[in-house]
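What follows is a set of notes on a single structure, which appears directly below.
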Amino acid sequence: MEKETITVSQINSYINRKLKTDPNLKNILIKGEISNYKSSFSGHSYFTLKDEKSQIDAVMFKGNKDRFLKFEPENGMKVIVKGKIEVYEKTGKYQLYATKITEDGIGNLHLAYEQLKKKLDKEGLFDNAHKKEIPKYPKIIGVVTAQSGAAIRDIITTIKKRYPVSNILVFSTLVQGDQAAQQIVKQIKYAQEFNIDTLIVGRGGGSIEDLWPFNEEIVAHAIYNCKIPIISAVGHEIDYTISDFVADKRAPTPTGAAVLAVPDINEVKNNLNNLSNRANKNITNRIKQNKTKLTHISEKQILKNPESIYEIKGMGLDNIVNKLHFISKNIINSNKTKLFKLENSIVLKNPIEITKSKRDACLRNIEKLEILNPLLTLKRGYTLAKTNDKVVSSAKDVKTGDQLDIEFDDGIVNTKVI
């Protein structure tokens with residue numbers, strides 16, 4: 001008798017039910033190396049887990065990643081994957097459904113810490129250029145930490161002892177657990193609504209799991225974007241968190257943060273006293289110097305006999321007046337002499353005679369010019385030879401064939417040299 005046939009879907013479903021009911025495949029830990037790792041748009045991650053001889057496909061859904069995965073897996077990474085084996089009925093392939101991934105060796109939290117530190121360092125969140133100065137004399141100090149516990153007590157006690165004139169505002173928050181990072185971010189943002197000079201963010205000591213909220217990326221960005229200068233005070237002196245690298249100042253402990261946040265009131269008083277003593281000493285010395293100058297000035301003759309100033313000035317004025325009179329008299333006498341010479345000048349006394357003398361001299365000059373007139377030479381019977389409108393002064397200046405113009409007193413005759 002032939003067996004009843006079944007569909008592919010039915011056999012895949014049957015096999016999947018068998019795997020799901022197998023207790024050995026429900027909650028297993030598999031060690032291997034990650035390869036072909038990729039994250040989808042939906043947030044799920046797909047990868048292959050392999051060893052030297054075999055491999056298995058695996059998937060980790062977004063919900064488990066957000067809750068349990070603290071680092072970003074990479075190809076070649078040795079890991080331990082916790083999960084279950086089931087069949088993906090659509091393809092008939094069995095695969096590992098991962099719920100948790102830990103690094104095989106150093107631990108996943110340490111790996112996540114190193115990865116985030118490297119990422120934020122590249123983004124510039126640790127650069128000193130972005131760090132703000134901590135005010136020297138703050139009026140109001142904010143503290144983001146748990147409202148109860150040793151950390152807040154140490155901070156308040158230290159501040160009140162060192163600098164009691166400042167006020168403290170506490171912004172209570174969870175400092176460990178899954179919800180701590182979101183609350184820390186919320187309180188850092190809320191603190192910026194107040195007129196706070198310095199903000200301390202931190203908690204007391206604990207394990208790396210306890211301190212982990214201060215290694216979250218959202219907390220790092222909240223500290224980086226805060227307008228108030230922040231002192232990070234997380235754990236003990238040997239503990240370093242991402243918050244320490246991003247903050248404007250890192251304190252080894254919460255008590256150390258309080259010391260960095262405020263000055264010592266006794267040192268401030270001593271400095272003020274020293275400044276006051278220096279100021280009083282300088283004022284006293286200045287008064288002594290001015291008294292000496294005043295005594296020296298008061299002993300001057302000019303102050304004992306101030307009328308002498310006007311007497312000296314009066315003598316100087318007399319000298320100037322005398323010089324003015326002397327110069328004026330000389331100018332007047334000089335001008336009188338010039339006027340006398342003009343009045344007795346022959347030009348003014350006999351202007352007609354001067355004019356006749358100038359006319360006779362002019363006629364004599366005309367006679368001299370007449371003697372030099374070449375036309376008068378022609379009237380006496382002489383001639384003037386020219387060639388090309390140039391006067392011929394020597395027989396050497398002409399040659400056979402030249403045309404000459406012979407000028408007489410009564411006309412010009414053209415001739416040719418033969």
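Ordered as shown in the structure tokens, chains take letters A, B, and onward, while each chain numbers its residues from 1 and ligands are numbered from 1 in the order shown.
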Inset, instruction - Within 10 Å of region 87-104 of chain A, counting only C-alpha atoms, which residues show up once you throw out same-chain ones fewer than 6 positions away? Write them as a PyMOL selection string, please. - result: chain A and resi 8-20+25-33+45-49+56-65+67-73+77-81+110-112
Inset, instruction - Please identify which residues in region 180-285 of chain A DSSP calls helix (DSSP H, G or I) from the backbone, and express them as number ranges by chain. - result: A: 180-191, 212-215, 217-225, 242-246, 254-261, 265-285
Inset, instruction - Find the residues around Ile223 (chain A) up to 9 Å (only C-alpha atoms counted), leave out those fewer than 4 positions away in its own chain, and share them as number ranges by chain. - result: A: 185, 188, 201, 218-219, 227-230, 243, 246-248
Inset, instruction - Choose the residue, out of A:Pro23, A:Gly177, A:Gly205, A:Gly43, that has the smallest atom-to-atom separation from Ile85 (chain A); count only C-alpha atoms. - result: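 Answer, going by the shortest atom-to-atom distance: A:Pro23.
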Inset, instruction - Step one, run DSSP on the backbone; step two, keep only residues of region 202-408 of chain A assigned to strand (DSSP E or B); then write them as JSON, numbers by chain. - result: {"A": [202, 203, 230, 231, 232, 233, 234, 249, 250, 384, 385, 386, 387, 390, 391, 403, 404, 405, 406, 407]}
Legend entry - Distance query Ser148 (chain A) at most 9 Å, only C-alpha atoms, self and fewer than 4 positions along chain excluded, as a VMD selection string: chain A and resid 152 to 153 172
May I have the residues from that selection written out with C-alpha atoms, as a compact mmCIF listing (two decimals), in the first residue's frame?
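The file below, selection.txt, is the result:
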```txt
# COMPACT_ATOMS: atom_id res chain seq x y z
CA ILE A 152 26.37 63.35 45.76
CA ARG A 153 27.17 63.55 49.49
CA SER A 172 18.66 63.47 39.94
```
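Comparing the minimum interatomic distances between Lys161 (chain A) and each of A:Gln147, A:Asn273, A:Gln192, A:Asn266, counting only C-alpha atoms, we find that A:Asn266 sits nearest.
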Inset, instruction - Choose the residue, out of A:Lys186, A:His44, A:Lys329, A:Arg162, that has the smallest atom-to-atom separation from Lys269 (chain A); count only C-alpha atoms. - result: A:Arg162
Inset, instruction - Tell me which of A:Lys249, A:Lys323, A:Lys386, A:Arg286 sits closest to Lys131 (chain A), counting only C-alpha atoms. - result: A:Lys249
Inset, instruction - Go through A:Asp121, A:Leu109, A:Ala261, A:Gln187 one by one, measure the shortest atom-to-atom distance of each to Ser166 (chain A) using only C-alpha atoms, and give the residue with the smallest value. - result: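 The closest residue to Ser166 (chain A) is A:Ala261.
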Legend entry - CA of Arg359 (chain A) to CA of Glu343 (chain A), straight-line distance in Å: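 These atoms are spaced 24.4 Å apart.
Interatomic distance, CA of Ile327 (chain A) against CA of Tyr310 (chain A): 25.6 Å.
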